[in-house]
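Peer 1: Dropping a structure here in structure tokens format, bear with me for questions.
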Amino acid sequence: MATPAPISADAAQMATYLAALTQPDTNIIRQAEVALKPILKNSACVPAMIEVIKAQSADNEGTRHVAAIVLRKRITGHMSKFDAAARSVLKAELLSILQTENSRPVRNGVVALVATVCKAEAEDGTDLAQAAASWPELFQFIAAAAGDAHPEARELAFLLLGEMTETVGIHLKPQFGTLAGLFAAGLADGDVKVQNSAVKALGLLVSYLADEAEIDTFVPLVQPMLTVAEACRIRHDEEVVSTTLDVLYDLSFSPSAAVAAHMAPIVRFAQICMSDSNLEMSVRDSAALVVATMAESKPKHLGRDTALLTGIVETIFNLIETSDGSAAGALFESNPAWKEDFEDQEGYDPDEEHGITETGMAQGTLDMLACEIPKKYIFEPVVSRCMSRLASADPNQRKAGIACLGVIAEGCAEPLRENLTLVMPHVFKSAGDADARVRECACFALGQISEHCQPEVLTYSSQILPIVFALLDDANIAVQATSCYVLEMFCERLEPEGVRPLLDPLVRKLASMLEATSKRSVQEMTVAALAATAVAAEEEFAPYVVGVASLMSKLMELKEEKTYSLRGRALECMGHIAIAVGKEHFRPYFGPTMQCACEGLTFDSTDLHEFAYAAFANLAKVMGDEFAPVLAELVPHLVTVISQDEGQFEQAEEEQGGQFNALDDSDEEEEGGGLVMHIRTALLETKKGGITAVGEMAAHTGAAFVPYMGEVMTVLLKAADNWHPLIKTEVADALASLVVPCVAQDHNGEITWVKGDIAGPSPMSANTTQAVAVILKALVTMMKDDTKDVVGKACEGIQRIIELCGPHALSSVANDCLENTYALLAKEAPCQQLEDYGEEFGDEDDDHDSFMTSVCDLVGSFGRVMGQHFVQYLPKFLPAVCGYAKSSRPPSDRSMAIGCLGEIAQELGSGIAEHWSTVFYPAAIAGLADADDSVKRNAAFCIGVSCEGLGEVVTSQYAAMLQALSPLFVVDITEGDTAAACVDNACAAVARMIKASPSHVPMAQVLPVMLKAMPLKNDMTENETVYNCLFGLLQQNQADLLANKHELSRVFAEAASESSKVEDELKEKLKLALQSLN
């Protein structure tokens, strides 16, 4: 190397300070930074540092590299001080350095410096279209380097483009076609380093442009990029593979149809990476994220590609089969006690304690597939593989089969509910498997099915409870813990008669487990199972309260930090016991439970605070006015909690390569810069709990809550604008409850209003009117939120208020409320206008949106409150509702739509006459022929209430309607509650038809069929309808009914029996009628 030319005195001094920055001594570095700061403010520092960078020698590489870094940090501020000539000199010097620099670190530093200068030049131009012309030599340099014979030069071209991503993306759009050609050549280059740099540069640009229309120019390069990345994977170059996967993730959400067309090769590459055990788990997890994100952004594309989807599913099953990790471990990942308790268990890997496992990766991906991909595409490939593996002799395959069944329970709940008869025998068999891992996964699957397949799964209570009871004695601790989870999930909605046969041994078993085990995770899940058992047993749990409360009281005194969760669970259990047994039985424990909850607020634990707020909510619900004395202490505390800002500014972490930040341009001008917002998730959950608690206090403490209305309403209205949907969802619920105290104080708990009457004086007091107006305005605004759960809760809140307060309450917001509701039905609301990310299909593949049930319920409520005033809106609303009743829609949608039509018919009566033959009749007849029992039951209801409301107008169609109803009477009621309800609603429909026009019903044929299906088994709300019909016929001595006197006596006797769920007043009428028959 030639001896470098001597540098100026200024440059020499600069080099001395810069060299000090390379020393390992912090004090020397700080002294150098202090000395450099005033020098760097002067633009004369720029040529001095250029000299240092150019002064190549064997021993100053570090100094020159630092010079490039520091100059990059300061150059932008000095560029504006240079005239055009000085700028030209500087830019020429930089390109000259790039041409001759041999040191890779220095060259990389200068590359970053050049990119910064280019950005400053581009942004200084007033005409963005001409901004790139401010440094044409640079782009000529890049083009020449990209075509150079030397690979180092070609690599340099892409290093420059990578550093200039933002500038290129904004200012070089006219040159995108040329750039695409450069990148294509780079990806096809014979030199690996050139290929890799091309992938990285292209990846940065593609990520930057992912949401822009111009992305289409570069999408054809995705396949060549994947080819390079695959070669890197084979030779274990994880950096390029990781970079490519990051780019593919960004591309997943691109709205470009061109990206959607490349979905298959993208997903296949990610699938291969997921399976490659030679890659680091973090890289494989990035690949899984690409698959999951494609499922989220392009669910219909992925679902319709059968080969691609089944390939992914097969990969997931294989990963779970070959992994030694617990396939039920997802239940306990967030519980620190789990890891502590199970260190000595088979399959526990301490190295994976805080990391990603194959099983966790696979299950997380499958969960996303099940939740996002239309069920018509994802359900069969998964369940068929579950079934085949469950039949295998290999326990690893059985483990995968039963685990995957549990994983899809949430996302595929609807088709799974429809196929429980196929699935449940395999689950029961797995619960008795010889392999502990299979049993553990069977418990996991049982718990997931119990949680997400309600109420259909309750049909299996007589089989599930004994199996779980036996598993509580399993030798494997993980199986014991997981079986407690099953109990918790299963018992939450179980009726007392379901749990009654095993209640005593179950409570005793759980209590003994709690006392015997030292495993905190098992203790926590046992306490949760006890709480769920209490909720299921209701008042029948009363004999066990003393013993269980004694156990909980010991746990509620725990004060070690690691036992906070167990203490909280015990407090939660007491709250659930209160719900189960009621005020009278729980009164002796109210004080101690409140004391524990309040004491928990003094601990520095957001978990304990959450448990305390949940306890306050439950106890307010149970104790009612007896809770009122603590409002003065609790409400101000809760208001403070809800008022807290869950975000806080913290110092940003230094970005990679962010050394010498003390020498940044902004160090003096922006003191307090470098701060970023951090969200305190734990505080978010606490805030949510506080909102729930204050809402329940308002709903259940009556007039005693009125003094706190002002401050609570203020803080909730502010929280309604919170950025997080969790908070807004709770606010919508709580706001509706704030009307209740006003009604309690001014109206003795009930407002008497008349359907559709807005002409007369309002029955609401001035205070109630004011509160209702403010709250409804907020809720109607929340109907336009971009989160579906928030919208659903807002609709529920509006329904609660208008049905409590009547049509005058609705009138203040009626126009906006009706418009918002129609927009939701028509799928035009903000929460339904999410980007389709390149999906071009219609709504035929759409799954049921659960929040739409709340929207349709609100439509029914309009009829209930507005009465005939709602008739004028039917031409607009009915087509939108019927869109969900199409045969191509999922059963839940069809059921929802027909149910909505039934409610409208019930509330509007003759008001639907104009739409009977074109809407209600054809929809109901089609619904009666539906394969789904829930659709059939709602169709039967719709037929009945329509006949009731329209009277003689529809008698000409009685024969056709009765014919369509007849198959419902032979539905097998042992198949579940919905099947039983289907028969009940058929009975009620016939009863209404008889009441409306008995002469048009062939009694001799109809009554025997109807009586055979009685008494009602499930839908007790229809008891009044069917028995009043029979009472009327009996009073008329109707001959065909008397001809079936024996059957009628049986029905009345069973309905009037002590075990019957018929209301007492109706039972007395039945007994009198029975006497008249004897």
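Chain labels follow the order of the structure tokens: the first chain is A, the next B, and so on; residue numbering restarts at 1 in every chain, and ligands are counted from 1 in their shown order.
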Using only C-alpha atoms, determine which residues lie at most 8 Å from Gln799 in chain A, disregarding the query and same-chain residues fewer than 2 positions distant; provide the list as a ChimeraX atom specification.
Peer 2: /A:795-797,801-803,857-858,861
Peer 1: Near Glu296 in chain A, within 10 Å and counting only C-alpha atoms, which residues show up once chain neighbours fewer than 6 positions away are dropped, as a list in words?
Peer 2: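 Residues near the query, excluding close chain neighbours: Ser252, Phe253, Val290, Leu302, Met368, Leu369, Cys371, Glu372, Ile373 and Tyr837 of chain A.
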Peer 1: Run DSSP on the backbone and tell me which residues of range 834-926 of chain A come out as helix (DSSP H, G or I); list them as a PyMOL selection string.
Peer 2: chain A and resi 851-885+891-926
Peer 1: Write out as a CSV table (one decimal) with N, CA, C and O atoms, in the first residue's frame each polymer residue whose atoms come within 12 Å of His700 in chain A, counting only C-alpha atoms; drop sequence neighbours fewer than 4 positions from it.
Peer 2:
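New file around.csv:
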```csv
chain,number,residue,atom,x,y,z
A,616,PHE,N,-64.9,-8.0,44.0
A,616,PHE,CA,-65.8,-6.9,44.2
A,616,PHE,C,-67.0,-7.0,43.3
A,616,PHE,O,-68.2,-6.8,43.7
A,617,ALA,N,-66.7,-7.3,42.0
A,617,ALA,CA,-67.8,-7.4,41.0
A,617,ALA,C,-68.8,-8.5,41.4
A,617,ALA,O,-70.0,-8.3,41.4
A,618,ASN,N,-68.3,-9.7,41.7
A,618,ASN,CA,-69.1,-10.8,42.1
A,618,ASN,C,-69.9,-10.5,43.4
A,618,ASN,O,-71.1,-10.9,43.5
A,619,LEU,N,-69.2,-10.0,44.4
A,619,LEU,CA,-69.9,-9.7,45.7
A,619,LEU,C,-70.9,-8.7,45.5
A,619,LEU,O,-72.0,-8.7,46.2
A,620,ALA,N,-70.7,-7.6,44.7
A,620,ALA,CA,-71.7,-6.6,44.5
A,620,ALA,C,-73.0,-7.2,43.9
A,620,ALA,O,-74.1,-6.9,44.2
A,621,LYS,N,-72.7,-8.2,42.9
A,621,LYS,CA,-73.8,-8.8,42.3
A,621,LYS,C,-74.7,-9.6,43.2
A,621,LYS,O,-75.9,-9.7,43.1
A,622,VAL,N,-74.0,-10.3,44.2
A,622,VAL,CA,-74.7,-11.2,45.1
A,622,VAL,C,-75.3,-10.4,46.3
A,622,VAL,O,-76.5,-10.6,46.7
A,623,MET,N,-74.5,-9.5,46.9
A,623,MET,CA,-75.0,-8.9,48.1
A,623,MET,C,-75.9,-7.7,47.9
A,623,MET,O,-76.6,-7.2,48.8
A,624,GLY,N,-75.9,-7.1,46.7
A,624,GLY,CA,-76.8,-6.0,46.3
A,624,GLY,C,-76.7,-4.9,47.3
A,624,GLY,O,-75.6,-4.3,47.5
A,625,ASP,N,-77.8,-4.4,47.9
A,625,ASP,CA,-77.8,-3.3,48.7
A,625,ASP,C,-76.8,-3.4,50.0
A,625,ASP,O,-76.4,-2.4,50.5
A,626,GLU,N,-76.5,-4.6,50.4
A,626,GLU,CA,-75.7,-4.9,51.5
A,626,GLU,C,-74.2,-4.5,51.1
A,626,GLU,O,-73.3,-4.4,52.0
A,627,PHE,N,-73.9,-4.4,49.9
A,627,PHE,CA,-72.6,-4.0,49.4
A,627,PHE,C,-72.4,-2.5,49.5
A,627,PHE,O,-71.3,-2.0,49.5
A,628,ALA,N,-73.6,-1.8,49.6
A,628,ALA,CA,-73.5,-0.3,49.4
A,628,ALA,C,-72.6,0.4,50.5
A,628,ALA,O,-72.0,1.4,50.1
A,631,LEU,N,-69.1,1.4,49.2
A,631,LEU,CA,-69.0,2.2,48.0
A,631,LEU,C,-68.1,3.4,48.2
A,631,LEU,O,-67.3,3.8,47.4
A,693,ALA,N,-65.7,-4.0,37.8
A,693,ALA,CA,-66.2,-3.9,39.2
A,693,ALA,C,-67.1,-2.7,39.3
A,693,ALA,O,-68.2,-2.8,40.0
A,694,VAL,N,-66.8,-1.6,38.8
A,694,VAL,CA,-67.6,-0.4,39.0
A,694,VAL,C,-68.9,-0.5,38.3
A,694,VAL,O,-70.0,-0.1,38.7
A,695,GLY,N,-68.9,-1.2,37.1
A,695,GLY,CA,-70.1,-1.5,36.4
A,695,GLY,C,-71.1,-2.4,37.2
A,695,GLY,O,-72.3,-2.1,37.2
A,696,GLU,N,-70.6,-3.4,37.8
A,696,GLU,CA,-71.4,-4.3,38.6
A,696,GLU,C,-71.9,-3.6,39.9
A,696,GLU,O,-73.1,-3.9,40.3
A,704,ALA,N,-78.1,3.7,46.0
A,704,ALA,CA,-76.9,4.0,46.8
A,704,ALA,C,-75.7,4.4,45.9
A,704,ALA,O,-74.8,5.1,46.4
A,705,PHE,N,-75.8,4.1,44.7
A,705,PHE,CA,-74.7,4.4,43.7
A,705,PHE,C,-74.8,5.8,43.1
A,705,PHE,O,-73.9,6.3,42.5
A,706,VAL,N,-76.0,6.4,43.2
A,706,VAL,CA,-76.3,7.6,42.5
A,706,VAL,C,-75.3,8.7,42.9
A,706,VAL,O,-74.8,9.5,42.0
A,734,ALA,N,-70.2,-1.4,31.1
A,734,ALA,CA,-70.4,-0.6,32.4
A,734,ALA,C,-71.2,0.6,32.2
A,734,ALA,O,-72.0,0.9,33.0
A,737,SER,N,-74.8,0.0,32.6
A,737,SER,CA,-75.2,-0.3,34.0
A,737,SER,C,-75.5,1.0,34.7
A,737,SER,O,-76.1,1.0,35.8
A,738,LEU,N,-74.9,2.2,34.3
A,738,LEU,CA,-75.1,3.4,35.0
A,738,LEU,C,-76.5,4.0,35.0
A,738,LEU,O,-76.8,4.9,35.7
A,739,VAL,N,-77.3,3.4,34.1
A,739,VAL,CA,-78.7,3.9,34.0
A,739,VAL,C,-79.5,3.3,35.2
A,739,VAL,O,-80.4,3.9,35.7
A,740,VAL,N,-79.0,2.1,35.7
A,740,VAL,CA,-79.8,1.3,36.7
A,740,VAL,C,-79.9,2.1,38.0
A,740,VAL,O,-81.0,2.2,38.6
A,741,PRO,N,-78.9,2.8,38.5
A,741,PRO,CA,-79.1,3.5,39.8
A,741,PRO,C,-80.2,4.6,39.6
A,741,PRO,O,-80.9,4.9,40.6
A,742,CYS,N,-80.2,5.3,38.5
A,742,CYS,CA,-81.2,6.4,38.3
A,742,CYS,C,-82.6,5.8,38.3
A,742,CYS,O,-83.5,6.3,38.9
A,743,VAL,N,-82.8,4.6,37.7
A,743,VAL,CA,-84.1,4.0,37.6
A,743,VAL,C,-84.5,3.5,39.0
A,743,VAL,O,-85.6,3.6,39.4
A,744,ALA,N,-83.5,3.0,39.8
A,744,ALA,CA,-83.7,2.6,41.2
A,744,ALA,C,-84.2,3.7,42.0
A,744,ALA,O,-85.1,3.6,42.8
A,749,GLY,N,-87.1,1.2,40.6
A,749,GLY,CA,-86.5,0.1,39.9
A,749,GLY,C,-87.1,-0.3,38.6
A,749,GLY,O,-86.6,-1.2,37.9
```
Peer 1: Considering only C-alpha atoms, state which residue in the set A:Ile97, A:Ala991, A:His1046, A:Tyr958 is at the smallest distance from Leu1033 in chain A.
Peer 2: A:Ala991
Peer 1: Using only C-alpha atoms, which protein or nucleic acid residues come within 12 Å of Leu779 in chain A? Drop anything in the same chain fewer than 5 positions from it, and give the result as JSON, numbers by chain.
Peer 2: {"A": [716, 717, 720, 721, 728, 729, 730, 731, 732, 733, 734, 735, 736, 772, 773, 774, 784, 785, 790, 791, 792, 793, 794, 795, 796, 797, 798, 799, 800, 801, 802, 810, 813, 816, 817, 820]}
Peer 1: By how many Å are CA of Ser765 in chain A and CA of Pro636 in chain A apart?
Peer 2: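 Going from CA of Ser765 in chain A over to CA of Pro636 in chain A covers 26.5 Å.
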